[in-house]
$ cat start.txt   # compact mmCIF, C-alpha atoms
# COMPACT_ATOMS: atom_id res chain seq x y z
CA MET A 249 167.86 -43.26 237.45
CA ASN A 250 169.92 -40.14 238.20
CA PRO A 251 171.79 -39.21 234.96
CA ILE A 252 175.15 -39.11 236.78
CA TYR A 253 174.63 -42.60 238.24
CA LEU A 254 173.51 -43.77 234.82
CA PHE A 255 176.69 -42.36 233.22
CA PHE A 256 178.93 -44.18 235.73
CA HIS A 257 176.88 -47.33 235.33
CA LYS A 258 177.27 -47.21 231.55
CA THR A 259 181.01 -46.49 231.82
CA GLY A 260 181.41 -49.89 233.46
CA SER A 261 180.28 -51.59 230.25
CA PRO A 262 183.26 -52.30 227.92
CA PRO A 263 181.37 -51.82 224.60
CA TRP A 264 179.89 -48.52 225.77
CA PHE A 265 183.24 -47.37 227.16
CA TYR A 266 184.94 -48.31 223.87
CA ARG A 267 182.46 -46.30 221.80
CA PHE A 268 182.35 -43.28 224.15
CA SER A 269 186.13 -43.04 224.55
CA GLY A 270 186.53 -43.33 220.77
CA LEU A 271 184.47 -40.12 220.42
CA LEU A 272 186.41 -38.33 223.17
CA ILE A 273 190.00 -39.11 222.11
CA PRO A 274 190.22 -36.83 218.99
CA TRP A 275 188.98 -33.86 221.06
CA LEU A 276 191.54 -34.52 223.77
CA TRP A 277 194.34 -34.70 221.19
CA ALA A 278 193.13 -31.49 219.54
CA GLY A 279 193.07 -29.70 222.92
CA PHE A 280 196.53 -30.99 223.75
CA ILE A 281 198.01 -29.76 220.46
CA LEU A 282 196.35 -26.35 220.75
CA LEU A 283 197.36 -25.72 224.38
CA THR A 284 200.89 -27.04 223.80
CA ALA A 285 201.30 -24.65 220.88
CA ILE A 286 200.14 -21.71 223.04
CA GLY A 287 202.25 -22.83 226.02
CA LEU A 288 205.39 -23.27 223.92
CA TYR A 289 204.88 -19.93 222.18
CA LEU A 290 204.49 -18.12 225.51
CA GLY A 291 207.23 -20.08 227.25
CA LEU A 292 209.89 -20.04 224.55
CA LEU A 293 209.21 -16.73 222.80
CA VAL A 294 207.25 -14.38 225.09
CA ALA A 295 208.32 -15.12 228.68
CA PRO A 296 211.50 -13.35 229.79
CA ALA A 297 214.67 -15.10 230.96
CA ASP A 298 214.98 -15.48 234.73
CA TYR A 299 217.31 -13.06 236.52
CA GLN A 300 219.08 -15.96 238.31
CA GLN A 301 218.57 -19.01 236.07
CA GLY A 302 218.90 -17.14 232.78
CA GLU A 303 217.52 -18.85 229.66
CA SER A 304 217.55 -22.29 231.32
CA VAL A 305 214.29 -21.33 233.05
CA ARG A 306 212.58 -22.30 229.76
CA ILE A 307 213.20 -25.95 230.66
CA MET A 308 210.78 -25.41 233.56
CA TYR A 309 207.81 -25.16 231.16
CA VAL A 310 208.19 -28.85 230.41
CA HIS A 311 209.89 -30.07 233.60
CA VAL A 312 207.39 -28.76 236.18
CA PRO A 313 204.18 -29.92 234.40
CA ALA A 314 205.80 -33.32 233.75
CA ALA A 315 206.74 -33.66 237.43
CA TRP A 316 203.17 -32.71 238.45
CA MET A 317 201.80 -35.31 236.03
CA SER A 318 204.14 -38.02 237.32
CA MET A 319 202.67 -37.60 240.81
CA MET A 320 199.08 -36.97 239.74
CA ILE A 321 198.96 -40.12 237.58
CA TYR A 322 200.33 -42.29 240.37
CA GLY A 323 197.78 -40.81 242.78
CA LEU A 324 194.98 -41.56 240.30
CA MET A 325 196.32 -45.10 239.85
CA ALA A 326 196.09 -45.63 243.62
CA ILE A 327 192.49 -44.28 243.71
CA MET A 328 191.43 -46.33 240.67
CA GLY A 329 193.22 -49.35 242.13
CA PHE A 330 191.26 -48.96 245.36
CA ILE A 331 187.97 -48.75 243.42
CA ALA A 332 188.99 -51.77 241.33
CA LEU A 333 189.79 -53.85 244.41
CA VAL A 334 186.73 -52.85 246.43
CA TRP A 335 184.03 -52.77 243.74
CA ARG A 336 185.68 -55.15 241.21
CA ILE A 337 185.06 -52.78 238.30
CA ARG A 338 187.00 -54.17 235.33
CA ILE A 339 187.30 -50.81 233.53
CA MET A 340 189.09 -49.45 236.61
CA GLU A 341 191.54 -52.37 236.55
CA VAL A 342 192.23 -51.61 232.89
CA MET A 343 192.68 -47.90 233.67
CA VAL A 344 195.23 -48.62 236.43
CA ILE A 345 197.52 -50.67 234.19
CA SER A 346 196.97 -48.37 231.18
CA SER A 347 198.03 -45.35 233.26
CA ALA A 348 201.37 -46.83 234.31
CA PRO A 349 203.34 -46.40 231.02
CA VAL A 350 202.05 -42.82 230.63
CA GLY A 351 203.04 -42.00 234.21
CA ALA A 352 206.45 -43.59 233.67
CA ALA A 353 206.91 -41.47 230.49
CA PHE A 354 206.18 -38.25 232.42
CA THR A 355 208.53 -39.33 235.24
CA ILE A 356 211.32 -39.99 232.72
CA ILE A 357 210.73 -36.52 231.22
CA ALA A 358 210.75 -34.88 234.69
CA LEU A 359 214.01 -36.64 235.62
CA ILE A 360 215.85 -35.97 232.34
CA THR A 361 214.75 -32.34 231.97
CA GLY A 362 215.50 -31.72 235.65
CA SER A 363 218.95 -33.14 235.13
CA LEU A 364 219.49 -30.98 232.02
CA TRP A 365 218.35 -27.91 234.02
CA GLY A 366 220.60 -28.86 236.95
CA ARG A 367 223.81 -28.89 234.91
CA PRO A 368 223.89 -25.13 234.04
CA THR A 369 222.14 -24.07 237.28
CA TRP A 370 223.62 -26.31 240.00
CA GLY A 371 226.76 -27.35 238.09
CA THR A 372 225.80 -31.04 238.13
CA TYR A 373 223.41 -33.38 236.32
CA TRP A 374 222.50 -35.37 239.42
CA VAL A 375 222.72 -35.29 243.21
CA TRP A 376 221.28 -37.86 245.62
CA ASP A 377 218.97 -35.20 246.99
CA ALA A 378 215.68 -36.22 248.69
CA ARG A 379 213.43 -34.78 245.92
CA LEU A 380 215.42 -36.28 243.05
CA THR A 381 215.83 -39.65 244.75
CA SER A 382 212.13 -39.95 245.70
CA GLU A 383 211.18 -39.06 242.09
CA LEU A 384 213.54 -41.81 240.87
CA VAL A 385 211.83 -44.21 243.32
CA LEU A 386 208.52 -43.18 241.70
CA LEU A 387 209.89 -44.26 238.30
CA PHE A 388 210.87 -47.64 239.79
CA LEU A 389 207.37 -47.95 241.26
CA TYR A 390 205.85 -47.41 237.80
CA PHE A 391 208.21 -50.05 236.37
CA GLY A 392 207.28 -52.33 239.28
CA VAL A 393 203.54 -52.01 238.58
CA ILE A 394 204.10 -52.80 234.87
CA ALA A 395 206.43 -55.74 235.62
CA LEU A 396 204.06 -57.18 238.24
CA TYR A 397 201.11 -56.97 235.83
CA ASN A 398 203.09 -58.73 233.09
CA SER A 399 204.19 -61.51 235.43
CA PHE A 400 200.63 -62.95 235.58
CA ASP A 401 198.89 -64.89 232.81
CA GLU A 402 195.36 -64.09 233.98
CA PRO A 403 194.62 -60.36 233.31
CA ARG A 404 192.18 -59.84 236.20
CA LYS A 405 194.53 -61.39 238.77
CA ALA A 406 197.36 -59.32 237.30
CA ALA A 407 195.32 -56.13 237.52
CA ARG A 408 194.42 -56.80 241.16
CA ALA A 409 198.08 -57.34 242.08
CA ALA A 410 199.08 -54.17 240.15
CA SER A 411 196.28 -52.21 241.88
CA LEU A 412 197.52 -53.32 245.29
CA MET A 413 201.05 -52.27 244.42
CA ALA A 414 199.79 -48.89 243.18
CA ILE A 415 198.01 -48.34 246.52
CA VAL A 416 201.04 -49.34 248.62
CA GLY A 417 203.40 -47.25 246.48
CA ALA A 418 201.28 -44.14 246.99
CA ILE A 419 203.16 -43.68 250.29
CA ASN A 420 205.95 -42.22 248.13
CA LEU A 421 203.77 -39.29 246.97
CA PRO A 422 203.79 -37.27 250.23
CA ILE A 423 207.50 -38.10 250.53
CA ILE A 424 208.15 -36.51 247.11
CA HIS A 425 205.94 -33.52 247.89
CA TYR A 426 207.30 -32.75 251.36
CA SER A 427 210.90 -33.86 250.72
CA VAL A 428 211.97 -30.24 250.21
CA LEU A 429 210.57 -29.35 253.66
CA TRP A 430 211.56 -32.47 255.61
CA TRP A 431 215.19 -32.55 254.45
CA ASN A 432 217.85 -30.07 253.45
CA THR A 433 217.68 -30.35 249.69
CA LEU A 434 219.37 -28.72 246.75
CA HIS A 435 215.99 -28.76 244.98
CA GLN A 436 214.03 -25.58 245.75
CA GLY A 437 210.61 -25.56 247.43
CA SER A 438 207.29 -25.02 245.63
CA SER A 439 206.82 -21.69 243.86
CA ILE A 440 203.11 -22.34 243.32
CA GLY A 441 200.81 -23.35 246.15
CA THR A 442 197.38 -22.89 247.67
CA SER A 443 198.64 -19.92 249.70
CA GLY A 444 199.76 -18.03 246.58
CA ASN A 445 202.70 -18.15 244.21
CA SER A 446 205.99 -16.34 243.71
CA ILE A 447 206.08 -16.48 239.89
CA HIS A 448 205.44 -13.53 237.60
CA PRO A 449 202.30 -14.00 235.43
CA SER A 450 204.45 -13.93 232.25
CA MET A 451 206.06 -17.17 233.48
CA LEU A 452 203.03 -18.59 235.26
CA TRP A 453 200.70 -18.65 232.23
CA PRO A 454 202.89 -20.81 229.95
CA LEU A 455 203.37 -23.19 232.88
CA LEU A 456 199.60 -23.47 233.38
CA TYR A 457 198.92 -23.94 229.65
CA MET A 458 201.48 -26.75 229.53
CA ALA A 459 200.06 -28.30 232.72
CA ILE A 460 196.55 -28.45 231.21
CA ALA A 461 197.94 -29.68 227.87
CA PHE A 462 199.72 -32.57 229.64
CA LYS A 463 196.48 -33.51 231.41
CA LEU A 464 194.71 -33.71 228.04
CA TYR A 465 197.61 -35.80 226.71
CA TYR A 466 197.22 -38.18 229.64
CA GLY A 467 193.47 -38.44 229.00
CA ALA A 468 193.90 -39.21 225.30
CA ASN A 469 196.77 -41.64 225.80
CA LEU A 470 195.09 -43.41 228.73
CA LEU A 471 191.85 -43.93 226.79
CA SER A 472 193.75 -45.21 223.71
CA ARG A 473 195.63 -47.72 225.86
CA ALA A 474 192.50 -48.76 227.77
CA ARG A 475 190.62 -49.38 224.48
CA LEU A 476 193.48 -51.53 223.19
CA ARG A 477 193.60 -53.54 226.42
CA LEU A 478 189.82 -54.10 226.32
CA LEU A 479 190.07 -55.34 222.72
CA LYS A 480 192.84 -57.77 223.74
CA GLN A 481 190.95 -59.07 226.78
CA ASP A 482 187.56 -59.34 225.06
CA HIS A 483 188.67 -60.52 221.60
CA ARG A 484 186.47 -63.63 221.87
CA LYS A 485 183.40 -61.70 223.03
CA ARG A 486 180.46 -60.79 220.85
CA TRP A 487 180.93 -57.00 220.93
CA VAL A 488 184.51 -57.29 219.58
CA GLN A 489 183.40 -59.77 216.88
CA ASP A 490 180.64 -57.36 215.84
CA LEU A 491 183.12 -54.48 215.80
CA LEU A 492 185.49 -56.43 213.56
CA ALA A 493 182.67 -57.48 211.26
CA LYS A 494 181.62 -53.83 210.96
CA GLU A 495 185.18 -52.77 210.14
CA ASN A 496 185.50 -55.52 207.52
CA GLN A 497 182.40 -54.28 205.66
CA MET B 298 227.92 -21.34 229.56
CA SER B 299 225.33 -21.36 226.75
CA HIS B 300 222.00 -22.75 227.90
CA THR B 301 220.68 -23.42 224.37
CA PRO B 302 221.93 -27.06 224.08
CA PHE B 303 220.30 -27.93 227.42
CA ILE B 304 217.00 -26.30 226.43
CA LEU B 305 217.03 -27.96 223.01
CA ALA B 306 217.90 -31.37 224.46
CA SER B 307 215.10 -31.05 227.06
CA TYR B 308 212.44 -30.30 224.45
CA LEU B 309 213.71 -32.88 221.94
CA ILE B 310 213.86 -35.68 224.53
CA SER B 311 210.43 -34.74 225.91
CA THR B 312 208.95 -34.75 222.39
CA ALA B 313 210.51 -38.14 221.64
CA VAL B 314 209.22 -39.70 224.89
CA LEU B 315 205.70 -38.27 224.44
CA LEU B 316 205.59 -39.36 220.79
CA TRP B 317 206.71 -42.87 221.68
CA ALA B 318 204.10 -43.11 224.45
CA ALA B 319 201.37 -41.81 222.11
CA LEU B 320 202.23 -43.96 219.09
CA ALA B 321 202.85 -47.27 220.89
CA PRO B 322 199.11 -48.03 221.42
CA VAL B 323 198.32 -46.99 217.82
CA PHE B 324 200.82 -49.48 216.35
CA ASN B 325 199.83 -52.18 218.85
CA LYS B 326 196.15 -51.74 217.97
CA ARG B 327 196.91 -51.98 214.26
CA GLY B 328 198.81 -55.24 214.85
CA LEU B 329 196.07 -56.67 217.06
CA LEU B 330 193.29 -55.83 214.59
CA GLN B 331 195.24 -57.46 211.74
CA GLN B 332 195.76 -60.55 213.88
CA LEU B 333 192.07 -60.73 214.85
CA LYS B 334 190.89 -60.19 211.28
CA ALA B 335 193.22 -62.92 210.01
CA ARG B 336 191.87 -65.29 212.65
CA GLN B 337 188.30 -64.40 211.74
CA ALA B 338 189.05 -65.06 208.04
CA ARG B 339 190.57 -68.47 208.89
CA MET B 340 187.51 -69.38 210.96
CA ASP B 341 185.15 -68.31 208.14
CA LYS B 342 187.10 -70.51 205.71
CA THR B 343 186.89 -73.62 207.88
CA GLN B 344 183.12 -73.21 208.43
$ encode --input "start.txt" --output "structure tokens"
Amino acid sequence: MNPIYLFFHKTGSPPWFYRFSGLLIPWLWAGFILLTAIGLYLGLLVAPADYQQGESVRIMYVHVPAAWMSMMIYGLMAIMGFIALVWRIRIMEVMVISSAPVGAAFTIIALITGSLWGRPTWGTYWVWDARLTSELVLLFLYFGVIALYNSFDEPRKAARAASLMAIVGAINLPIIHYSVLWWNTLHQGSSIGTSGNSIHPSMLWPLLYMAIAFKLYYGANLLSRARLRLLKQDHRKRWVQDLLAKENQ
Amino acid sequence: MSHTPFILASYLISTAVLLWAALAPVFNKRGLLQQLKARQARMDKTQ
């Protein structure tokens, strides 16, 4: 069998996934800590203050990557939810529901840090602007997915319902992204895009380091949560009993 | 207006949220493993 197919085939097996993710998690945490340290050093100590925003631009090094993550995680949840519904892969169901609290955490960070940046820059903590409101809707969607999952007793039924909600809710992602173009908003448009960016490299690099660091954080946290959920679901199965017996020795 | 309190609050709140999200599964796993081990011990005793 093709090694890539074999890898995906193996990933579908809970015991193999549990072992493999256990090896990966420490590396992801190490990468996250290293890149965060570099990103914070560059962002807080090396990068200059902005000529318009002043020192408050330093909030951007956490706000922007968190906002990117909030959208990326929801997009991944919709894709994984689709795979879970079509191919009935249990690991994907587990990944959808394990992603939701991490995505909600990044959305909370994006909303709070954006609000703290808005006060000195716009003169207000909050406005019912299209970008801010659609991001708040995203937070409610994350809460909705978590609440819907918890409202079922049977985990596989719960995961299917949560997957469906993740897919339907993905309609909010283009709304968030294009809100600054479709409506007159206080929130500025994108400074980084496929057609180039308007940020000086001294400010761009810390942003990119933090963006990669947050992706590693998501990977580590997602795998930790998925492992826990698999243990809970499979606690009567042989592989978990063997694992416990091994730990008891 | 000094921007320092806003910057500090942003980083402190972000750290707190990320820490909470990272530690929650660790504590939950510890609790679950203790529960499973206790159950296993009870079952071994009855057999």
$ residues_around --input "start.txt" --residues "B:Ala319" --least-positions-apart "3" --cutoff "9 Å" --atoms "only C-alpha atoms" --output "PyMOL selection string"
(chain A and resi 350+465+468-469+472) or (chain B and resi 314-316+322-323)
$ closest_atom_pairs --input "start.txt" --of "chain A" --to "chain B" --cutoff "7 Å" --atoms "all atoms listed in the file" --output "Markdown table"
| residue | atom | partner | partner_atom | distance |
| --- | --- | --- | --- | --- |
| A:Glu303 | CA | B:His300 | CA | 6.2 |
| A:Ser304 | CA | B:His300 | CA | 5.6 |
| A:Arg306 | CA | B:Ile304 | CA | 6.8 |
| A:Ile307 | CA | B:Ile304 | CA | 5.7 |
| A:Val350 | CA | B:Ala318 | CA | 6.5 |
| A:Ala353 | CA | B:Val314 | CA | 6.3 |
| A:Ile357 | CA | B:Ser311 | CA | 5.6 |
| A:Thr361 | CA | B:Ser307 | CA | 5.1 |
| A:Leu364 | CA | B:Phe303 | CA | 5.6 |
| A:Trp365 | CA | B:Phe303 | CA | 6.9 |
| A:Pro368 | CA | B:His300 | CA | 6.9 |
| A:Asn469 | CA | B:Ala319 | CA | 5.9 |
| A:Ser472 | CA | B:Pro322 | CA | 6.5 |
| A:Arg473 | CA | B:Pro322 | CA | 5.6 |
| A:Leu476 | CA | B:Lys326 | CA | 5.9 |
| A:Leu492 | CA | B:Lys334 | CA | 7.0 |
$ residues_around --input "start.txt" --residues "A:Phe354" --least-positions-apart "3" --cutoff "7 Å" --atoms "only C-alpha atoms" --output "PyMOL selection string"
chain A and resi 314-315+317-318+350-351+357-358
$ residues_around --input "start.txt" --residues "A:Ser363" --least-positions-apart "5" --cutoff "9 Å" --atoms "only C-alpha atoms" --output "ChimeraX atom specification"
/A:358,372-374
$ closest_residue --input "start.txt" --among "A:Met343, A:Val428, A:Leu324, A:Leu479" --to "B:Gln332" --atoms "all atoms listed in the file"
A:Leu479
$ atom_distance --input "start.txt" --atom1 "atom CA of A:Leu254" --atom2 "atom CA of A:Arg475"
20.8 Å
$ atom_distance --input "start.txt" --atom1 "atom CA of A:Leu412" --atom2 "atom CA of A:Trp316"
22.4 Å
$ atom_distance --input "start.txt" --atom1 "atom CA of A:Pro449" --atom2 "atom CA of A:His311"
17.9 Å
$ closest_residue --input "start.txt" --among "A:Trp487, A:Tyr309, A:Phe330, A:Phe268" --to "A:Leu288" --atoms "only C-alpha atoms"
A:Tyr309
$ closest_residue --input "start.txt" --among "A:Arg484, A:Arg404, A:His425, A:Arg367" --to "A:Arg379" --atoms "all atoms listed in the file"
A:His425
$ residues_around --input "start.txt" --residues "A:Ser427" --least-positions-apart "2" --cutoff "10 Å" --atoms "only C-alpha atoms" --output "VMD selection string"
chain A and resid 377 to 382 421 to 425 429 to 433 435 437
